[in-house]
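Colleague: Shown below is the structure under consideration.
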Amino acid sequence: MKKLSVLFAAVMMVVSVGMAKAQKIATLDVIGVLNAMPEKKKADTDLKAFLDTKQAEIKKKADAGQAKLKLYSEEAPKKSAEENKAREGELAKMQEEIQQMNDKAQKDFVAKQDLAYEPIEKKLNEAVSKVAKANGYDYIMDANSSAFVFKGGPDATPAVKKELGVQ
């Protein structure tokens, strides 16, 4: 019985030493924090307005194309083959223009989004870093995705590379 209590005491000492050296890990609801930031709300509003404007322009062009298609379809039997072929080319050109407008709108939106969100992400990262250092957190993980938001603990990469014999 005495051996069992000594063994239990030794195990408890090892566990308590291990816990004393344990990494401090916290979680953070990144989406919740971002959605609470006034800068993010304003950026979202601005981006939605930009997107709505671009979509309205594209819809206007598409509606004009649909109207022309309907008109040309109705008039096709009365027109010559050459005129119908020219009209088909005109409609194809309009379709291509609409596709180009759509592609450009998407590229412009992504660029505008990156530009709008960059300072917000920087502000969030600085706040997370400050909180992590102030509270002694080695790691902060996103509560929704298990991705690291802050990493301040030791990096095992060099040791693993050495063990594998790679650089």
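Every chain in the structure tokens has a letter given in the order shown (A, B, ...), and although residue numbers restart at 1 in each chain, ligands are simply numbered from 1 in the order shown.
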Using only C-alpha atoms, which protein or nucleic acid residues come within 9 Å of Leu51 of chain A? Drop anything in the same chain fewer than 4 positions from it, and give the result as an MDAnalysis selection string.
Modeller: chainID A and resid 46:47 55:56 105:106 109
Colleague: Using only C-alpha atoms, find the one residue out of A:Lys151, A:Ala76, A:Lys122, A:Ile58 that sits nearest to Asp103 of chain A.
Modeller: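 Answer, going by the shortest atom-to-atom distance: A:Ile58.
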Colleague: Would you pick out the contacts of segment 94-102 of chain A at 10 Å or less, using only C-alpha atoms, so that residues sharing its chain but fewer than 3 positions from it are not included, and give the list as a list of chain:residue names?
Modeller: A:Lys54, A:Gln55, A:Glu57, A:Ile58, A:Lys59, A:Lys60, A:Lys61, A:Ala62, A:Ala64, A:Gly65, A:Gln66, A:Lys68, A:Glu88, A:Gly89, A:Glu90, A:Leu91, A:Ala105, A:Gln106, A:Lys107, A:Asp108
Colleague: How many Å separate atom CA of Asp29 of chain A from atom CA of Phe148 of chain A?
Modeller: 11.6 Å
Colleague: Taking only C-alpha atoms into account, name the residue in A:Glu126, A:Ala159, A:Gly152, A:Ala111 that is nearest to Asp138 of chain A.
Modeller: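 Among A:Glu126, A:Ala159, A:Gly152, A:Ala111, it is A:Gly152 that comes nearest to Asp138 of chain A.
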Colleague: Using only C-alpha atoms, find the one residue out of A:Met141, A:Val149, A:Ala132, A:Leu124 that sits nearest to Met37 of chain A.
Modeller: A:Leu124
Colleague: For Ala43 of chain A, list every protein, DNA or RNA residue within 10 Å, evaluated using only C-alpha atoms, and leave out those in the same chain fewer than 4 positions away; present the list as an MDAnalysis selection string.
Modeller: chainID A and resid 38:39 47:49 112:113 115:117 120
Colleague: Give me a file of those residues, with N, CA and C atoms, as a PDB file, in the first residue's frame.
Modeller:
ATOM      1  N   PRO A  38     -16.820  48.976 -35.739  1.00  0.00           N
ATOM      2  CA  PRO A  38     -17.501  49.948 -36.602  1.00  0.00           C
ATOM      3  C   PRO A  38     -16.825  50.098 -37.968  1.00  0.00           C
ATOM      4  N   GLU A  39     -15.507  49.951 -38.014  1.00  0.00           N
ATOM      5  CA  GLU A  39     -14.783  50.057 -39.278  1.00  0.00           C
ATOM      6  C   GLU A  39     -15.228  48.971 -40.255  1.00  0.00           C
ATOM      7  N   LEU A  47     -18.861  48.504 -49.422  1.00  0.00           N
ATOM      8  CA  LEU A  47     -18.680  47.445 -50.425  1.00  0.00           C
ATOM      9  C   LEU A  47     -20.016  47.004 -51.019  1.00  0.00           C
ATOM     10  N   LYS A  48     -21.046  46.945 -50.176  1.00  0.00           N
ATOM     11  CA  LYS A  48     -22.364  46.563 -50.685  1.00  0.00           C
ATOM     12  C   LYS A  48     -22.872  47.620 -51.657  1.00  0.00           C
ATOM     13  N   ALA A  49     -22.684  48.893 -51.332  1.00  0.00           N
ATOM     14  CA  ALA A  49     -23.111  49.971 -52.226  1.00  0.00           C
ATOM     15  C   ALA A  49     -22.363  49.879 -53.560  1.00  0.00           C
ATOM     16  N   LYS A 112     -11.135  46.361 -54.105  1.00  0.00           N
ATOM     17  CA  LYS A 112     -11.713  47.317 -53.147  1.00  0.00           C
ATOM     18  C   LYS A 112     -11.880  46.656 -51.778  1.00  0.00           C
ATOM     19  N   GLN A 113     -12.275  45.396 -51.775  1.00  0.00           N
ATOM     20  CA  GLN A 113     -12.449  44.656 -50.525  1.00  0.00           C
ATOM     21  C   GLN A 113     -11.104  44.493 -49.809  1.00  0.00           C
ATOM     22  N   LEU A 115      -8.464  46.352 -50.081  1.00  0.00           N
ATOM     23  CA  LEU A 115      -8.046  47.673 -49.625  1.00  0.00           C
ATOM     24  C   LEU A 115      -8.830  48.100 -48.385  1.00  0.00           C
ATOM     25  N   ALA A 116     -10.119  47.802 -48.354  1.00  0.00           N
ATOM     26  CA  ALA A 116     -10.960  48.193 -47.221  1.00  0.00           C
ATOM     27  C   ALA A 116     -10.665  47.367 -45.970  1.00  0.00           C
ATOM     28  N   TYR A 117     -10.409  46.082 -46.137  1.00  0.00           N
ATOM     29  CA  TYR A 117     -10.229  45.199 -44.986  1.00  0.00           C
ATOM     30  C   TYR A 117      -8.804  45.176 -44.435  1.00  0.00           C
ATOM     31  N   ILE A 120      -8.345  47.060 -41.195  1.00  0.00           N
ATOM     32  CA  ILE A 120      -9.159  46.435 -40.150  1.00  0.00           C
ATOM     33  C   ILE A 120      -8.456  45.192 -39.612  1.00  0.00           C
TER      34      ILE A 120
END
Colleague: Go through segment 9-164 of chain A and collect every residue that DSSP, computed from the backbone, puts in helix (DSSP H, G or I); the answer should be as a PyMOL selection string.
Modeller: chain A and resi 9-20+30-36+38-78+81-135+157-164
Colleague: Between A:Lys93, A:Asp114, A:Lys133, A:Gly153, which has the minimum distance to Asp44 of chain A (counting only C-alpha atoms)?
Modeller: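 With only C-alpha atoms as the atom set, the closest residue is A:Asp114.
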Colleague: Give me the residues within 8 Å of Ala26 of chain A as a ChimeraX atom specification, counting only C-alpha atoms and dropping any in the same chain fewer than 6 places off.
Modeller: /A:137,139-141
Colleague: Suppose we keep all heavy atoms; can you now write the selection as an mmCIF file, in the first residue's frame?
Modeller:
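The result, stored in again-v9.cif:
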data_model
loop_
_atom_site.group_PDB
_atom_site.id
_atom_site.type_symbol
_atom_site.label_atom_id
_atom_site.label_comp_id
_atom_site.auth_asym_id
_atom_site.auth_seq_id
_atom_site.Cartn_x
_atom_site.Cartn_y
_atom_site.Cartn_z
ATOM 1 N N TYR A 137 -0.615 34.729 -23.014
ATOM 2 C CA TYR A 137 -1.061 33.648 -23.885
ATOM 3 C C TYR A 137 0.036 33.331 -24.889
ATOM 4 O O TYR A 137 0.607 34.212 -25.515
ATOM 5 C CB TYR A 137 -2.325 34.027 -24.655
ATOM 6 C CG TYR A 137 -3.523 34.313 -23.789
ATOM 7 C CD1 TYR A 137 -4.291 35.439 -24.002
ATOM 8 C CD2 TYR A 137 -3.907 33.450 -22.775
ATOM 9 C CE1 TYR A 137 -5.406 35.708 -23.220
ATOM 10 C CE2 TYR A 137 -5.003 33.706 -21.992
ATOM 11 C CZ TYR A 137 -5.751 34.840 -22.214
ATOM 12 O OH TYR A 137 -6.849 35.101 -21.446
ATOM 13 N N TYR A 139 -0.682 31.050 -27.340
ATOM 14 C CA TYR A 139 -1.450 30.827 -28.554
ATOM 15 C C TYR A 139 -2.870 31.348 -28.364
ATOM 16 O O TYR A 139 -3.443 31.207 -27.286
ATOM 17 C CB TYR A 139 -1.548 29.333 -28.902
ATOM 18 C CG TYR A 139 -0.210 28.682 -29.115
ATOM 19 C CD1 TYR A 139 0.420 27.971 -28.104
ATOM 20 C CD2 TYR A 139 0.434 28.778 -30.342
ATOM 21 C CE1 TYR A 139 1.658 27.384 -28.303
ATOM 22 C CE2 TYR A 139 1.661 28.193 -30.545
ATOM 23 C CZ TYR A 139 2.267 27.497 -29.525
ATOM 24 O OH TYR A 139 3.484 26.920 -29.729
ATOM 25 N N ILE A 140 -3.425 31.916 -29.419
ATOM 26 C CA ILE A 140 -4.844 32.255 -29.450
ATOM 27 C C ILE A 140 -5.389 31.628 -30.724
ATOM 28 O O ILE A 140 -4.865 31.854 -31.812
ATOM 29 C CB ILE A 140 -5.089 33.778 -29.443
ATOM 30 C CG1 ILE A 140 -4.582 34.391 -28.134
ATOM 31 C CG2 ILE A 140 -6.575 34.072 -29.638
ATOM 32 C CD1 ILE A 140 -4.802 35.883 -28.018
ATOM 33 N N MET A 141 -6.425 30.833 -30.539
ATOM 34 C CA MET A 141 -7.024 30.123 -31.672
ATOM 35 C C MET A 141 -8.392 30.711 -31.976
ATOM 36 O O MET A 141 -9.102 31.148 -31.072
ATOM 37 C CB MET A 141 -7.171 28.639 -31.335
ATOM 38 C CG MET A 141 -5.851 27.943 -31.100
ATOM 39 S SD MET A 141 -6.045 26.219 -30.627
ATOM 40 C CE MET A 141 -6.681 25.547 -32.131
#
Colleague: Atom CA of Ser129 of chain A to atom CA of Phe150 of chain A: how many Å, to one decimal?
Modeller: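 That distance, rounded to one decimal, is 6.6 Å.
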Colleague: Step one, run DSSP on the backbone; step two, keep only residues of chain A assigned to strand (DSSP E or B); then write them as JSON, numbers by chain.
Modeller: {"A": [25, 26, 27, 28, 139, 140, 141, 142, 148, 149, 150, 151]}
Colleague: Can you write just those residues out, N, CA, C and O atoms, as a PDB file, in the first residue's frame?
Modeller:
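New file out.pdb:
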ATOM      1  N   ILE A  25      -3.241  28.810 -23.648  1.00  0.00           N
ATOM      2  CA  ILE A  25      -3.978  28.887 -24.901  1.00  0.00           C
ATOM      3  C   ILE A  25      -5.330  29.548 -24.629  1.00  0.00           C
ATOM      4  O   ILE A  25      -5.979  29.255 -23.633  1.00  0.00           O
ATOM      5  N   ALA A  26      -5.730  30.436 -25.533  1.00  0.00           N
ATOM      6  CA  ALA A  26      -7.033  31.077 -25.432  1.00  0.00           C
ATOM      7  C   ALA A  26      -7.744  30.952 -26.775  1.00  0.00           C
ATOM      8  O   ALA A  26      -7.117  30.655 -27.786  1.00  0.00           O
ATOM      9  N   THR A  27      -9.047  31.166 -26.752  1.00  0.00           N
ATOM     10  CA  THR A  27      -9.802  31.166 -27.999  1.00  0.00           C
ATOM     11  C   THR A  27     -10.379  32.561 -28.218  1.00  0.00           C
ATOM     12  O   THR A  27     -10.521  33.345 -27.293  1.00  0.00           O
ATOM     13  N   LEU A  28     -10.688  32.840 -29.463  1.00  0.00           N
ATOM     14  CA  LEU A  28     -11.213  34.143 -29.845  1.00  0.00           C
ATOM     15  C   LEU A  28     -12.248  33.956 -30.942  1.00  0.00           C
ATOM     16  O   LEU A  28     -11.985  33.254 -31.923  1.00  0.00           O
ATOM     17  N   TYR A 139      -0.682  31.050 -27.340  1.00  0.00           N
ATOM     18  CA  TYR A 139      -1.450  30.827 -28.554  1.00  0.00           C
ATOM     19  C   TYR A 139      -2.870  31.348 -28.364  1.00  0.00           C
ATOM     20  O   TYR A 139      -3.443  31.207 -27.286  1.00  0.00           O
ATOM     21  N   ILE A 140      -3.425  31.916 -29.419  1.00  0.00           N
ATOM     22  CA  ILE A 140      -4.844  32.255 -29.450  1.00  0.00           C
ATOM     23  C   ILE A 140      -5.389  31.628 -30.724  1.00  0.00           C
ATOM     24  O   ILE A 140      -4.865  31.854 -31.812  1.00  0.00           O
ATOM     25  N   MET A 141      -6.425  30.833 -30.539  1.00  0.00           N
ATOM     26  CA  MET A 141      -7.024  30.123 -31.672  1.00  0.00           C
ATOM     27  C   MET A 141      -8.392  30.711 -31.976  1.00  0.00           C
ATOM     28  O   MET A 141      -9.102  31.148 -31.072  1.00  0.00           O
ATOM     29  N   ASP A 142      -8.760  30.709 -33.248  1.00  0.00           N
ATOM     30  CA  ASP A 142     -10.092  31.150 -33.655  1.00  0.00           C
ATOM     31  C   ASP A 142     -11.083  30.114 -33.134  1.00  0.00           C
ATOM     32  O   ASP A 142     -10.964  28.923 -33.432  1.00  0.00           O
ATOM     33  N   PHE A 148      -4.936  29.204 -35.874  1.00  0.00           N
ATOM     34  CA  PHE A 148      -4.210  30.081 -34.973  1.00  0.00           C
ATOM     35  C   PHE A 148      -4.367  31.524 -35.407  1.00  0.00           C
ATOM     36  O   PHE A 148      -4.221  31.856 -36.579  1.00  0.00           O
ATOM     37  N   VAL A 149      -4.658  32.385 -34.444  1.00  0.00           N
ATOM     38  CA  VAL A 149      -4.755  33.812 -34.689  1.00  0.00           C
ATOM     39  C   VAL A 149      -3.475  34.481 -34.201  1.00  0.00           C
ATOM     40  O   VAL A 149      -2.996  35.442 -34.764  1.00  0.00           O
ATOM     41  N   PHE A 150      -2.913  33.916 -33.129  1.00  0.00           N
ATOM     42  CA  PHE A 150      -1.669  34.432 -32.557  1.00  0.00           C
ATOM     43  C   PHE A 150      -0.833  33.233 -32.136  1.00  0.00           C
ATOM     44  O   PHE A 150      -1.343  32.288 -31.555  1.00  0.00           O
ATOM     45  N   LYS A 151       0.466  33.287 -32.445  1.00  0.00           N
ATOM     46  CA  LYS A 151       1.369  32.216 -32.061  1.00  0.00           C
ATOM     47  C   LYS A 151       2.576  32.858 -31.407  1.00  0.00           C
ATOM     48  O   LYS A 151       3.348  33.560 -32.046  1.00  0.00           O
TER      49      LYS A 151
END
Colleague: Counting only C-alpha atoms, which residue out of A:Val110, A:Val128, A:Ala36, A:Ala67 sits closest to Phe50 of chain A?
Modeller: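 Smallest separation from Phe50 of chain A among the options: A:Val110.
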